[in-house]
>>> print(open('my_file20.txt').read())   # compact mmCIF, C-alpha atoms
# COMPACT_ATOMS: atom_id res chain seq x y z
CA MET Z 1 -4.86 -18.77 13.14
CA GLN Z 2 -1.21 -18.60 12.23
CA THR Z 3 1.15 -18.83 15.17
CA PRO Z 4 4.80 -19.82 15.14
CA ALA Z 5 5.80 -23.17 16.65
CA PRO Z 6 7.14 -22.88 20.22
CA PHE Z 7 10.63 -21.47 20.67
CA GLY Z 8 12.85 -20.04 23.38
CA TYR Z 9 13.31 -16.29 23.51
CA GLU Z 10 15.98 -14.04 24.90
CA ARG Z 11 16.89 -10.41 24.54
CA ALA Z 12 20.45 -9.49 23.77
CA THR Z 13 21.93 -6.59 25.70
CA SER Z 14 25.17 -6.41 23.72
CA VAL Z 15 26.53 -7.60 20.37
CA GLU Z 16 29.01 -9.80 22.24
CA GLY Z 17 26.15 -11.27 24.28
CA ALA Z 18 24.17 -12.02 21.10
CA ILE Z 19 27.18 -13.79 19.60
CA ALA Z 20 27.73 -15.77 22.80
CA SER Z 21 24.05 -16.82 22.79
CA LEU Z 22 24.28 -17.90 19.14
CA GLN Z 23 27.30 -20.03 20.01
CA ARG Z 24 25.71 -21.51 23.12
CA LEU Z 25 22.37 -22.31 21.47
CA GLY Z 26 23.84 -23.70 18.27
CA SER Z 27 22.54 -23.90 14.73
CA GLU Z 28 18.84 -23.81 15.62
CA ALA Z 29 19.07 -20.28 17.06
CA ARG Z 30 18.27 -17.22 14.95
CA VAL Z 31 18.66 -13.49 15.42
CA ILE Z 32 15.43 -11.49 15.17
CA ALA Z 33 15.34 -7.76 14.43
CA GLY Z 34 12.26 -6.29 12.67
CA GLY Z 35 10.90 -9.80 12.25
CA HIS Z 36 8.79 -8.94 9.22
CA SER Z 37 10.29 -11.73 7.13
CA LEU Z 38 11.21 -14.22 9.85
CA LEU Z 39 7.89 -14.27 11.77
CA PRO Z 40 5.74 -14.83 8.64
CA MET Z 41 8.11 -17.67 7.64
CA MET Z 42 7.82 -19.15 11.14
CA LYS Z 43 4.02 -18.97 10.95
CA LEU Z 44 4.17 -20.96 7.71
CA ARG Z 45 6.75 -23.41 9.19
CA LEU Z 46 9.19 -22.42 6.43
CA ALA Z 47 11.55 -21.49 9.27
CA ASN Z 48 11.57 -23.35 12.59
CA PRO Z 49 14.20 -21.86 14.88
CA GLU Z 50 14.28 -23.30 18.39
CA HIS Z 51 15.52 -20.05 19.89
CA LEU Z 52 15.17 -16.39 18.96
CA ILE Z 53 17.72 -13.82 20.07
CA ASP Z 54 16.06 -10.41 19.95
CA ILE Z 55 18.59 -7.69 19.05
CA ASN Z 56 16.13 -4.77 19.00
CA ASP Z 57 17.69 -3.27 22.14
CA LEU Z 58 21.15 -3.00 20.53
CA SER Z 59 20.86 0.71 19.68
CA GLU Z 60 24.62 0.77 19.07
CA LEU Z 61 23.81 -1.00 15.77
CA ALA Z 62 21.43 1.75 14.56
CA TYR Z 63 23.33 4.58 12.84
CA ILE Z 64 24.14 6.20 9.50
CA ARG Z 65 27.43 8.10 9.54
CA GLU Z 66 30.26 9.25 7.30
CA GLU Z 67 33.58 7.79 8.28
CA GLY Z 68 36.64 8.10 6.07
CA ASP Z 69 35.88 7.07 2.51
CA ALA Z 70 32.58 5.34 3.29
CA VAL Z 71 29.13 5.90 4.71
CA ARG Z 72 28.61 3.33 7.43
CA ILE Z 73 25.15 1.98 8.23
CA GLY Z 74 24.49 -0.08 11.35
CA ALA Z 75 22.69 -3.37 10.69
CA LEU Z 76 19.76 -2.45 12.97
CA THR Z 77 19.02 0.78 11.05
CA ARG Z 78 15.33 0.66 10.09
CA HIS Z 79 13.92 1.29 6.62
CA VAL Z 80 12.19 4.47 7.83
CA ASP Z 81 15.54 5.95 8.88
CA LEU Z 82 17.20 4.98 5.59
CA LEU Z 83 14.33 6.68 3.75
CA LYS Z 84 14.59 9.88 5.78
CA SER Z 85 18.40 10.17 5.74
CA GLU Z 86 19.46 13.32 3.88
CA LEU Z 87 23.06 12.06 3.91
CA LEU Z 88 22.07 8.95 1.96
CA ALA Z 89 19.69 10.85 -0.34
CA GLU Z 90 22.49 13.21 -1.26
CA GLN Z 91 25.28 10.69 -1.74
CA PHE Z 92 23.41 7.49 -2.66
CA PRO Z 93 19.99 8.50 -4.06
CA VAL Z 94 19.40 4.84 -5.04
CA VAL Z 95 18.70 4.16 -1.35
CA ARG Z 96 15.80 6.63 -1.14
CA ASP Z 97 14.48 5.45 -4.52
CA ALA Z 98 14.31 1.92 -3.15
CA GLU Z 99 13.05 2.79 0.33
CA GLN Z 100 10.04 4.62 -1.10
CA VAL Z 101 8.84 1.33 -2.60
CA ILE Z 102 9.97 -1.25 -0.01
CA ALA Z 103 6.85 -2.77 1.59
CA ASP Z 104 4.71 0.00 3.11
CA PRO Z 105 5.39 2.78 5.64
CA VAL Z 106 4.16 0.74 8.62
CA VAL Z 107 6.38 -2.23 7.78
CA ARG Z 108 9.27 0.20 7.18
CA ASN Z 109 8.97 1.28 10.82
CA ARG Z 110 10.18 -2.18 11.86
CA GLY Z 111 12.25 -3.76 9.09
CA THR Z 112 16.03 -3.28 9.13
CA ILE Z 113 18.78 -3.21 6.51
CA GLY Z 114 20.65 -6.03 8.23
CA GLY Z 115 17.55 -8.19 8.30
CA SER Z 116 16.83 -7.48 4.64
CA LEU Z 117 20.33 -8.45 3.55
CA CYS Z 118 20.49 -11.55 5.77
CA GLN Z 119 17.06 -12.74 4.65
CA ALA Z 120 18.68 -12.85 1.18
CA ASP Z 121 15.35 -13.07 -0.60
CA ALA Z 122 16.03 -12.64 -4.32
CA ALA Z 123 13.07 -10.25 -4.57
CA GLU Z 124 14.38 -7.98 -1.84
CA ASP Z 125 15.43 -4.49 -2.98
CA LEU Z 126 18.31 -3.53 -0.68
CA SER Z 127 20.46 -6.47 -1.76
CA ALA Z 128 20.42 -5.12 -5.33
CA VAL Z 129 21.04 -1.59 -4.04
CA CYS Z 130 24.06 -2.66 -1.98
CA SER Z 131 25.39 -4.84 -4.82
CA ALA Z 132 25.17 -1.95 -7.31
CA LEU Z 133 26.92 0.37 -4.83
CA LYS Z 134 29.67 -2.26 -4.37
CA ALA Z 135 29.16 -2.20 -0.63
CA THR Z 136 31.08 -4.27 1.87
CA VAL Z 137 29.51 -5.71 4.99
CA VAL Z 138 31.03 -6.28 8.41
CA ILE Z 139 30.38 -9.64 10.06
CA ARG Z 140 31.29 -10.13 13.72
CA GLY Z 141 31.89 -13.48 15.38
CA PRO Z 142 33.60 -14.84 18.48
CA GLU Z 143 37.01 -14.37 16.83
CA GLY Z 144 36.38 -10.73 15.88
CA GLU Z 145 35.32 -8.93 12.72
CA ARG Z 146 35.73 -9.66 9.04
CA THR Z 147 34.56 -7.77 5.96
CA VAL Z 148 32.91 -9.34 2.94
CA SER Z 149 32.08 -7.70 -0.38
CA MET Z 150 28.48 -7.82 -1.58
CA ALA Z 151 29.73 -9.86 -4.55
CA ASP Z 152 30.60 -12.65 -2.07
CA PHE Z 153 27.78 -12.09 0.43
CA HIS Z 154 24.96 -14.07 -1.17
CA VAL Z 155 26.03 -17.67 -1.47
CA GLY Z 156 22.62 -19.00 -2.58
CA PRO Z 157 18.89 -18.54 -2.13
CA TYR Z 158 18.20 -17.32 1.43
CA THR Z 159 21.84 -18.09 2.25
CA THR Z 160 24.60 -15.60 3.08
CA ALA Z 161 28.24 -15.52 4.11
CA VAL Z 162 27.18 -14.97 7.74
CA GLY Z 163 28.29 -18.17 9.45
CA ALA Z 164 27.33 -20.02 12.64
CA GLY Z 165 27.79 -17.85 15.73
CA GLU Z 166 28.19 -14.71 13.61
CA ILE Z 167 26.13 -11.57 13.20
CA LEU Z 168 26.03 -8.88 10.51
CA THR Z 169 26.85 -5.56 12.18
CA GLU Z 170 27.52 -2.94 9.51
CA ILE Z 171 27.16 -2.06 5.82
CA ARG Z 172 29.77 0.23 4.27
CA LEU Z 173 28.94 2.21 1.14
CA PRO Z 174 32.17 3.44 -0.50
CA ARG Z 175 32.25 7.12 -1.46
CA ARG Z 176 33.85 7.69 -4.83
CA PRO Z 177 33.94 10.77 -7.11
CA GLY Z 178 31.51 11.32 -9.97
CA ALA Z 179 28.81 9.13 -8.43
CA GLY Z 180 25.19 8.79 -9.48
CA SER Z 181 22.71 6.01 -8.67
CA ALA Z 182 19.05 5.02 -9.09
CA HIS Z 183 16.59 2.19 -8.39
CA GLU Z 184 13.62 1.28 -10.59
CA LYS Z 185 10.92 -1.18 -9.56
CA VAL Z 186 7.62 -2.41 -10.93
CA GLU Z 187 5.15 -3.94 -8.48
CA ARG Z 188 1.54 -5.02 -8.85
CA ARG Z 189 0.24 -2.88 -6.00
CA ALA Z 190 1.46 -0.69 -3.14
CA GLY Z 191 3.63 -2.66 -0.76
CA ASP Z 192 4.04 -5.77 -2.89
CA TRP Z 193 7.29 -7.49 -3.77
CA ALA Z 194 8.84 -6.49 -7.10
CA ILE Z 195 7.86 -8.16 -10.36
CA ALA Z 196 11.35 -6.97 -11.25
CA ALA Z 197 13.63 -4.20 -9.99
CA ALA Z 198 16.98 -2.80 -11.13
CA SER Z 199 19.63 -0.87 -9.20
CA ALA Z 200 22.31 1.12 -11.03
CA ALA Z 201 25.34 3.03 -9.76
CA VAL Z 202 27.80 4.85 -12.01
CA TRP Z 203 31.03 6.69 -11.29
CA MET Z 204 31.92 9.19 -14.03
CA ASP Z 205 35.42 10.35 -14.86
CA GLY Z 206 35.05 13.26 -17.24
CA GLY Z 207 32.72 11.99 -19.93
CA THR Z 208 33.19 8.26 -19.43
CA PHE Z 209 32.09 5.59 -16.96
CA ALA Z 210 35.04 5.00 -14.60
CA ASP Z 211 33.01 2.21 -13.00
CA VAL Z 212 29.47 0.85 -13.00
CA GLY Z 213 27.42 -1.32 -10.63
CA LEU Z 214 24.26 -3.08 -11.85
CA ALA Z 215 22.04 -5.57 -10.03
CA LEU Z 216 18.53 -6.99 -10.40
CA SER Z 217 15.90 -8.12 -7.88
CA ALA Z 218 13.19 -10.77 -8.27
CA VAL Z 219 14.41 -12.26 -11.57
CA GLY Z 220 16.50 -15.20 -10.35
CA LEU Z 221 17.15 -17.46 -7.37
CA THR Z 222 19.43 -14.79 -5.89
CA THR Z 223 20.13 -11.11 -6.53
CA ILE Z 224 21.55 -10.96 -10.08
CA HIS Z 225 24.87 -9.15 -10.54
CA LEU Z 226 25.06 -7.88 -14.13
CA SER Z 227 28.84 -8.09 -14.40
CA ARG Z 228 28.82 -8.57 -18.20
CA ALA Z 229 26.89 -5.30 -18.64
CA GLU Z 230 29.22 -3.57 -16.15
CA ASP Z 231 32.23 -4.70 -18.22
CA LEU Z 232 30.61 -3.39 -21.41
CA LEU Z 233 30.06 0.08 -19.92
CA ARG Z 234 33.34 0.58 -18.05
CA GLY Z 235 35.62 3.07 -19.83
CA GLN Z 236 32.93 4.04 -22.35
CA ALA Z 237 31.06 7.32 -22.81
CA PRO Z 238 27.30 7.05 -22.21
CA SER Z 239 25.22 6.96 -25.40
CA TYR Z 240 21.72 5.78 -26.26
CA GLU Z 241 23.10 2.78 -28.17
CA LEU Z 242 25.47 1.78 -25.35
CA LEU Z 243 22.81 1.91 -22.62
CA THR Z 244 20.39 0.03 -24.87
CA GLU Z 245 23.01 -2.70 -25.31
CA ALA Z 246 23.51 -2.89 -21.51
CA ALA Z 247 19.75 -3.21 -21.05
CA LYS Z 248 19.68 -6.01 -23.62
CA ILE Z 249 22.32 -7.89 -21.61
CA ALA Z 250 20.06 -7.58 -18.57
CA THR Z 251 17.27 -9.40 -20.42
CA GLU Z 252 19.74 -12.21 -21.24
CA ASP Z 253 21.60 -12.54 -17.92
CA CYS Z 254 18.61 -12.84 -15.59
CA SER Z 255 16.82 -16.13 -14.91
CA PRO Z 256 13.26 -15.36 -13.81
CA MET Z 257 10.69 -17.98 -12.84
CA PRO Z 258 7.09 -17.84 -14.04
CA ASP Z 259 4.62 -17.12 -11.22
CA GLY Z 260 1.55 -15.08 -10.37
CA ARG Z 261 3.50 -11.91 -11.03
CA GLY Z 262 4.11 -12.77 -14.67
CA PRO Z 263 5.63 -15.12 -17.25
CA VAL Z 264 9.34 -15.40 -18.02
CA ASP Z 265 9.37 -13.36 -21.26
CA TYR Z 266 7.57 -10.47 -19.58
CA LYS Z 267 9.98 -10.48 -16.64
CA ARG Z 268 13.01 -10.56 -18.95
CA HIS Z 269 11.60 -7.65 -20.92
CA LEU Z 270 10.91 -5.75 -17.69
CA ALA Z 271 14.46 -6.40 -16.40
CA GLY Z 272 15.83 -4.80 -19.57
CA VAL Z 273 13.54 -1.78 -19.46
CA LEU Z 274 14.21 -1.15 -15.77
CA THR Z 275 17.98 -1.57 -16.20
CA GLY Z 276 17.93 1.03 -18.98
CA ARG Z 277 15.85 3.45 -16.91
CA ALA Z 278 18.00 3.03 -13.79
CA LEU Z 279 21.19 3.50 -15.81
CA ARG Z 280 19.90 6.65 -17.51
CA ARG Z 281 18.74 8.16 -14.22
CA ALA Z 282 21.98 7.25 -12.43
CA THR Z 283 24.03 8.77 -15.25
CA ALA Z 284 21.92 11.95 -15.33
CA ARG Z 285 22.36 12.30 -11.58
CA ALA Z 286 26.13 11.84 -11.83
CA LEU Z 287 26.24 14.56 -14.50
CA ASN Z 288 23.77 16.78 -12.57
CA GLU Z 289 21.45 16.61 -15.56
CA GLU Z 290 18.48 14.90 -13.94
CA ALA Z 291 15.24 16.17 -15.45
CA MET R 1 7.61 -15.98 30.55
CA ASP R 2 6.30 -12.79 32.19
CA VAL R 3 5.82 -9.79 29.93
CA SER R 4 5.06 -6.25 31.09
CA ILE R 5 3.72 -3.86 28.48
CA THR R 6 2.26 -0.38 28.92
CA VAL R 7 -0.97 -0.27 26.94
CA ASN R 8 -2.91 3.00 26.71
CA GLY R 9 -0.97 4.33 29.68
CA GLU R 10 -1.55 1.34 31.95
CA ARG R 11 1.04 -1.29 32.68
CA HIS R 12 -0.09 -4.88 32.23
CA THR R 13 1.88 -7.97 33.23
CA ARG R 14 0.89 -11.40 31.94
CA GLU R 15 2.50 -14.79 31.70
CA VAL R 16 2.72 -15.66 28.01
CA GLU R 17 4.42 -18.06 25.65
CA PRO R 18 7.31 -16.41 23.76
CA ARG R 19 5.45 -17.14 20.53
CA MET R 20 2.42 -15.03 21.48
CA LEU R 21 1.92 -12.23 18.96
CA LEU R 22 1.11 -8.73 20.17
CA VAL R 23 -2.31 -8.79 18.47
CA HIS R 24 -3.31 -11.84 20.54
CA PHE R 25 -1.86 -10.35 23.72
CA LEU R 26 -4.08 -7.31 23.22
CA ARG R 27 -7.21 -9.21 22.19
CA ASP R 28 -7.01 -12.36 24.29
CA ALA R 29 -4.96 -11.45 27.36
CA LEU R 30 -6.23 -7.87 27.80
CA ASP R 31 -9.67 -8.16 26.12
CA LEU R 32 -8.89 -5.12 23.98
CA THR R 33 -10.70 -6.36 20.88
CA GLY R 34 -10.65 -2.99 19.10
CA THR R 35 -7.40 -4.09 17.49
CA HIS R 36 -8.53 -6.25 14.61
CA TRP R 37 -6.83 -9.39 13.51
CA GLY R 38 -6.88 -9.66 9.74
CA CYS R 39 -4.54 -11.21 7.20
CA ASP R 40 -1.91 -12.44 9.68
CA THR R 41 0.79 -11.75 7.06
CA SER R 42 1.55 -8.03 7.68
CA ASN R 43 -0.27 -7.02 4.49
CA CYS R 44 -3.71 -5.71 5.48
CA GLY R 45 -3.01 -3.25 8.31
CA ALA R 46 -6.16 -4.08 10.34
CA CYS R 47 -3.95 -4.89 13.36
CA VAL R 48 -1.98 -1.62 13.37
CA VAL R 49 -1.25 -0.19 16.82
CA LEU R 50 1.18 2.51 17.90
CA MET R 51 4.45 1.34 19.48
CA ASP R 52 6.21 4.30 21.10
CA GLY R 53 4.09 6.52 18.83
CA GLN R 54 4.92 4.72 15.57
CA PRO R 55 2.39 2.57 13.70
CA VAL R 56 3.34 -1.12 13.61
CA LYS R 57 1.56 -4.32 12.54
CA SER R 58 0.78 -6.21 15.73
CA CYS R 59 0.37 -9.56 13.92
CA THR R 60 4.09 -9.49 13.13
CA ILE R 61 5.53 -8.49 16.50
CA LEU R 62 5.91 -10.80 19.46
CA ALA R 63 4.39 -9.60 22.71
CA ALA R 64 7.77 -10.38 24.27
CA MET R 65 9.40 -7.83 21.95
CA CYS R 66 7.14 -5.09 23.41
CA GLU R 67 8.35 -5.46 27.02
CA GLY R 68 9.24 -1.97 28.21
CA HIS R 69 7.53 -0.26 25.27
CA GLU R 70 4.36 1.84 25.14
CA ILE R 71 1.50 0.55 23.02
CA ARG R 72 -1.52 2.64 22.08
CA THR R 73 -4.61 0.98 20.64
CA VAL R 74 -7.86 2.37 19.27
CA GLU R 75 -9.28 2.14 22.82
CA GLY R 76 -6.66 4.73 23.81
CA LEU R 77 -7.59 7.32 21.18
CA ALA R 78 -10.49 9.03 22.96
CA ARG R 79 -9.61 11.06 26.03
CA ASP R 80 -11.91 11.94 28.94
CA GLY R 81 -14.91 10.70 26.98
CA GLU R 82 -14.09 12.95 24.03
CA LEU R 83 -13.31 11.43 20.65
CA ASP R 84 -9.92 12.10 19.11
CA PRO R 85 -10.21 14.47 16.12
CA VAL R 86 -9.27 11.52 13.89
CA GLN R 87 -12.21 9.50 15.23
CA GLN R 88 -14.48 12.52 14.88
CA GLY R 89 -13.27 13.01 11.29
CA PHE R 90 -14.04 9.39 10.39
CA HIS R 91 -17.51 9.93 11.89
CA GLU R 92 -18.19 13.26 10.18
CA LEU R 93 -17.09 12.16 6.72
CA HIS R 94 -18.32 8.57 6.79
CA ALA R 95 -14.83 7.14 6.35
CA LEU R 96 -15.95 3.58 7.06
CA GLN R 97 -18.48 1.07 5.89
CA CYS R 98 -17.82 -2.30 7.54
CA GLY R 99 -15.30 -0.85 9.99
CA PHE R 100 -12.83 -3.70 9.92
CA CYS R 101 -9.87 -1.61 8.70
CA THR R 102 -10.91 1.43 10.74
CA PRO R 103 -8.85 1.00 13.96
CA GLY R 104 -5.65 0.50 11.97
CA MET R 105 -6.47 3.35 9.63
CA MET R 106 -7.24 5.74 12.49
CA LEU R 107 -4.05 4.94 14.40
CA THR R 108 -2.00 5.31 11.20
CA VAL R 109 -3.58 8.72 10.58
CA ARG R 110 -3.04 9.71 14.24
CA ALA R 111 0.69 8.95 13.92
CA LEU R 112 0.88 10.82 10.60
CA LEU R 113 -0.70 13.97 12.07
CA ASP R 114 1.55 13.80 15.13
CA GLU R 115 4.56 13.94 12.82
CA ASN R 116 3.14 16.08 10.01
CA PRO R 117 0.23 18.27 11.20
CA ASN R 118 -0.66 19.48 7.70
CA PRO R 119 -0.17 16.62 5.23
CA THR R 120 -1.04 16.74 1.54
CA ASP R 121 -3.48 14.22 0.11
CA ALA R 122 -0.52 12.41 -1.46
CA GLU R 123 1.20 12.19 1.94
CA ILE R 124 -1.99 10.85 3.53
CA ARG R 125 -2.35 8.24 0.77
CA THR R 126 1.27 7.14 1.21
CA ALA R 127 0.87 6.92 5.00
CA ILE R 128 -2.22 4.66 4.78
CA SER R 129 -0.84 2.52 1.95
CA GLY R 130 -0.07 -0.22 4.48
CA GLY R 131 -3.79 -0.60 5.19
CA ILE R 132 -6.35 -2.26 2.97
CA CYS R 133 -10.00 -1.13 2.91
CA ARG R 134 -12.17 -3.67 1.11
CA CYS R 135 -15.18 -1.34 1.09
CA THR R 136 -13.11 0.94 -1.20
CA GLY R 137 -13.48 3.84 1.15
CA TYR R 138 -10.04 5.41 0.65
CA LYS R 139 -11.47 8.69 -0.70
CA ASN R 140 -13.44 9.30 2.48
CA ILE R 141 -10.56 8.12 4.67
CA VAL R 142 -8.30 10.74 3.08
CA ALA R 143 -11.01 13.36 3.56
CA ALA R 144 -11.38 12.32 7.22
CA ALA R 145 -7.64 12.66 7.78
CA ARG R 146 -7.77 16.13 6.26
CA TRP R 147 -10.75 17.01 8.48
CA ALA R 148 -8.82 15.85 11.54
CA ALA R 149 -5.81 17.95 10.57
CA GLN R 150 -8.09 21.00 10.43
CA HIS R 151 -9.75 20.23 13.78
CA GLU R 152 -6.83 19.20 15.98
CA ARG R 153 -7.24 19.62 19.72
CA GLN R 154 -5.72 22.78 21.09
CA GLU R 155 -3.35 21.44 23.74
CA VAL R 156 -3.10 23.66 26.80
>>> encode(input="my_file20.txt", output="structure tokens")
Amino acid sequence: MQTPAPFGYERATSVEGAIASLQRLGSEARVIAGGHSLLPMMKLRLANPEHLIDINDLSELAYIREEGDAVRIGALTRHVDLLKSELLAEQFPVVRDAEQVIADPVVRNRGTIGGSLCQADAAEDLSAVCSALKATVVIRGPEGERTVSMADFHVGPYTTAVGAGEILTEIRLPRRPGAGSAHEKVERRAGDWAIAAASAAVWMDGGTFADVGLALSAVGLTTIHLSRAEDLLRGQAPSYELLTEAAKIATEDCSPMPDGRGPVDYKRHLAGVLTGRALRRATARALNEEA
Amino acid sequence: MDVSITVNGERHTREVEPRMLLVHFLRDALDLTGTHWGCDTSNCGACVVLMDGQPVKSCTILAAMCEGHEIRTVEGLARDGELDPVQQGFHELHALQCGFCTPGMMLTVRALLDENPNPTDAEIRTAISGGICRCTGYKNIVAAARWAAQHERQEV
């Protein structure tokens, strides 16, 4: 029987209260939302928090809304609500692509976007999605709020910019003209983690890429930002040769580990194929040419 | 700590450790052993129960997190001695062999039909993709879900 080691438990009734509890209880306290990564890690003693602060009652952190030049998503928004959101499907189709293949529908009823990002598992899909979309996240602490770009959010494996006594509260997806996006993933079976996955976002200006966001899941110690491929594409017109070259960079700039899901050469190959597919679909969507 | 959870319409209060998982609260504290305890890693779906009408994996939720919520288990499917159409469908179409995955499968199908009364086979397959049947009975499970959709109770 797998049961977590003993811990103290309290339910937060406000974001401020959760932050105060984190400060009072110190570094061995953790926030729990959906719990579908944290509880399995606690069962295996890979995580041993002394206190859990349950934020599931903080409904003020569950929302998806347009505000100014961004779509704002509350950290407690569950996968099922991200999947069903017509607003996201219309403006950021990469989110629905990913949500259809994140875990399974029952797990998606519990897991949250904030939990996914803060878990910072390199195989997790939403980190690549948010990186490709060049999202910023809002982190609240005792001193107030600060925003951090996704490029600076992951500081290492399972480690984020969220500091002691702080809590992730919001994800902001910037709305820019000419946008198209897509997520491609290969998994061994329904509900499994990715063998590899690629997220692509493009912003077209006339016939050229004004900007591009590319990120990979499951092929490195952290989410892989493909900045060299982004630089190659920016300012160029999409062509078969250009996208093939970007996909080739993906095979070079990832650093997969061999495991039960496959050897390194296979994962590199897959990263390239999926990057090409995601880019082509994102571009077709931006140009309203999706087959 | 004391935890009060409404299970199948009845409120139960027990003193538990914070680390007690919902599946053990149901099986050990309430003797509701219809909820099966399987992989313990939120993969197999044998432990699925409904939390406020939504299917969830009870091996990956603390009992303490369910305080104030409504849980429905397989014991709460039949009403007034009459099987739920989902149970009847599993019976009619032989949608089980060993029966270990069955409670989770039936509750998942119940929640699907509550939200989508006329699902396609593809929608049924997606809905039950969080449950694993080792007797390879998915074909009959899908057929049973379809049978249940066609024989829903007429609520008065």
>>> closest_residue(input="my_file20.txt", among="Z:Ala20, Z:Ala237, Z:Met41, Z:Val106", to="chain R", atoms="only C-alpha atoms")
Z:Val106
>>> atom_distance(input="my_file20.txt", atom1="CA of Ile5 (chain R)", atom2="CA of Ser116 (chain Z)")
27.4 Å
>>> residues_around(input="my_file20.txt", residues="region 155-167 of chain Z", least_positions_apart="4", cutoff="6 Å", atoms="only C-alpha atoms", output="PyMOL selection string")
chain Z and resi 19+22-23+119-121+139-141+221-222
>>> residues_around(input="my_file20.txt", residues="Ala103 (chain Z)", least_positions_apart="4", cutoff="9 Å", atoms="all atoms listed in the file", output="JSON, numbers by chain")
{"Z": [99, 107, 108, 190, 191, 192, 193], "R": [43, 130]}
>>> interface_residues(input="my_file20.txt", of="chain Z", to="chain R", cutoff="10 Å", atoms="all atoms listed in the file", output="ChimeraX atom specification")
/Z:1-11,32-44,51-52,54-57,100,103-110,189-192
>>> write_last_selection(input="my_file20.txt", atoms="C-alpha atoms", output="mmCIF file, keeping the file's coordinate frame")
data_model
loop_
_atom_site.group_PDB
_atom_site.id
_atom_site.type_symbol
_atom_site.label_atom_id
_atom_site.label_comp_id
_atom_site.auth_asym_id
_atom_site.auth_seq_id
_atom_site.Cartn_x
_atom_site.Cartn_y
_atom_site.Cartn_z
ATOM 1 C CA MET Z 1 -4.860 -18.770 13.140
ATOM 2 C CA GLN Z 2 -1.210 -18.600 12.230
ATOM 3 C CA THR Z 3 1.150 -18.830 15.170
ATOM 4 C CA PRO Z 4 4.800 -19.820 15.140
ATOM 5 C CA ALA Z 5 5.800 -23.170 16.650
ATOM 6 C CA PRO Z 6 7.140 -22.880 20.220
ATOM 7 C CA PHE Z 7 10.630 -21.470 20.670
ATOM 8 C CA GLY Z 8 12.850 -20.040 23.380
ATOM 9 C CA TYR Z 9 13.310 -16.290 23.510
ATOM 10 C CA GLU Z 10 15.980 -14.040 24.900
ATOM 11 C CA ARG Z 11 16.890 -10.410 24.540
ATOM 12 C CA ILE Z 32 15.430 -11.490 15.170
ATOM 13 C CA ALA Z 33 15.340 -7.760 14.430
ATOM 14 C CA GLY Z 34 12.260 -6.290 12.670
ATOM 15 C CA GLY Z 35 10.900 -9.800 12.250
ATOM 16 C CA HIS Z 36 8.790 -8.940 9.220
ATOM 17 C CA SER Z 37 10.290 -11.730 7.130
ATOM 18 C CA LEU Z 38 11.210 -14.220 9.850
ATOM 19 C CA LEU Z 39 7.890 -14.270 11.770
ATOM 20 C CA PRO Z 40 5.740 -14.830 8.640
ATOM 21 C CA MET Z 41 8.110 -17.670 7.640
ATOM 22 C CA MET Z 42 7.820 -19.150 11.140
ATOM 23 C CA LYS Z 43 4.020 -18.970 10.950
ATOM 24 C CA LEU Z 44 4.170 -20.960 7.710
ATOM 25 C CA HIS Z 51 15.520 -20.050 19.890
ATOM 26 C CA LEU Z 52 15.170 -16.390 18.960
ATOM 27 C CA ASP Z 54 16.060 -10.410 19.950
ATOM 28 C CA ILE Z 55 18.590 -7.690 19.050
ATOM 29 C CA ASN Z 56 16.130 -4.770 19.000
ATOM 30 C CA ASP Z 57 17.690 -3.270 22.140
ATOM 31 C CA GLN Z 100 10.040 4.620 -1.100
ATOM 32 C CA ALA Z 103 6.850 -2.770 1.590
ATOM 33 C CA ASP Z 104 4.710 0.000 3.110
ATOM 34 C CA PRO Z 105 5.390 2.780 5.640
ATOM 35 C CA VAL Z 106 4.160 0.740 8.620
ATOM 36 C CA VAL Z 107 6.380 -2.230 7.780
ATOM 37 C CA ARG Z 108 9.270 0.200 7.180
ATOM 38 C CA ASN Z 109 8.970 1.280 10.820
ATOM 39 C CA ARG Z 110 10.180 -2.180 11.860
ATOM 40 C CA ARG Z 189 0.240 -2.880 -6.000
ATOM 41 C CA ALA Z 190 1.460 -0.690 -3.140
ATOM 42 C CA GLY Z 191 3.630 -2.660 -0.760
ATOM 43 C CA ASP Z 192 4.040 -5.770 -2.890
#
>>> closest_residue(input="my_file20.txt", among="R:Cys47, R:Ala78, R:Met106, R:Ala144", to="Asp121 (chain R)", atoms="all atoms listed in the file")
R:Ala144
>>> closest_residue(input="my_file20.txt", among="R:Glu92, R:Cys98, R:Ile132, R:Pro103", to="Arg146 (chain R)", atoms="only C-alpha atoms")
R:Glu92
>>> residues_around(input="my_file20.txt", residues="Thr208 (chain Z)", least_positions_apart="5", cutoff="8 Å", atoms="all atoms listed in the file", output="JSON, numbers by chain")
{"Z": [234, 235, 236, 237, 238]}
>>> write_last_selection(input="my_file20.txt", atoms="C-alpha atoms", output="compact mmCIF listing (two decimals), in the coordinates of the input")
# COMPACT_ATOMS: atom_id res chain seq x y z
CA ARG Z 234 33.34 0.58 -18.05
CA GLY Z 235 35.62 3.07 -19.83
CA GLN Z 236 32.93 4.04 -22.35
CA ALA Z 237 31.06 7.32 -22.81
CA PRO Z 238 27.30 7.05 -22.21
>>> residues_around(input="my_file20.txt", residues="Val74 (chain R)", least_positions_apart="5", cutoff="10 Å", atoms="all atoms listed in the file", output="PyMOL selection string")
chain R and resi 8+32-36+48-50+84+87+102-107
>>> residues_around(input="my_file20.txt", residues="Thr283 (chain Z)", least_positions_apart="2", cutoff="10 Å", atoms="only C-alpha atoms", output="ChimeraX atom specification")
/Z:178-182,200-204,209,212,238,277-281,285-290
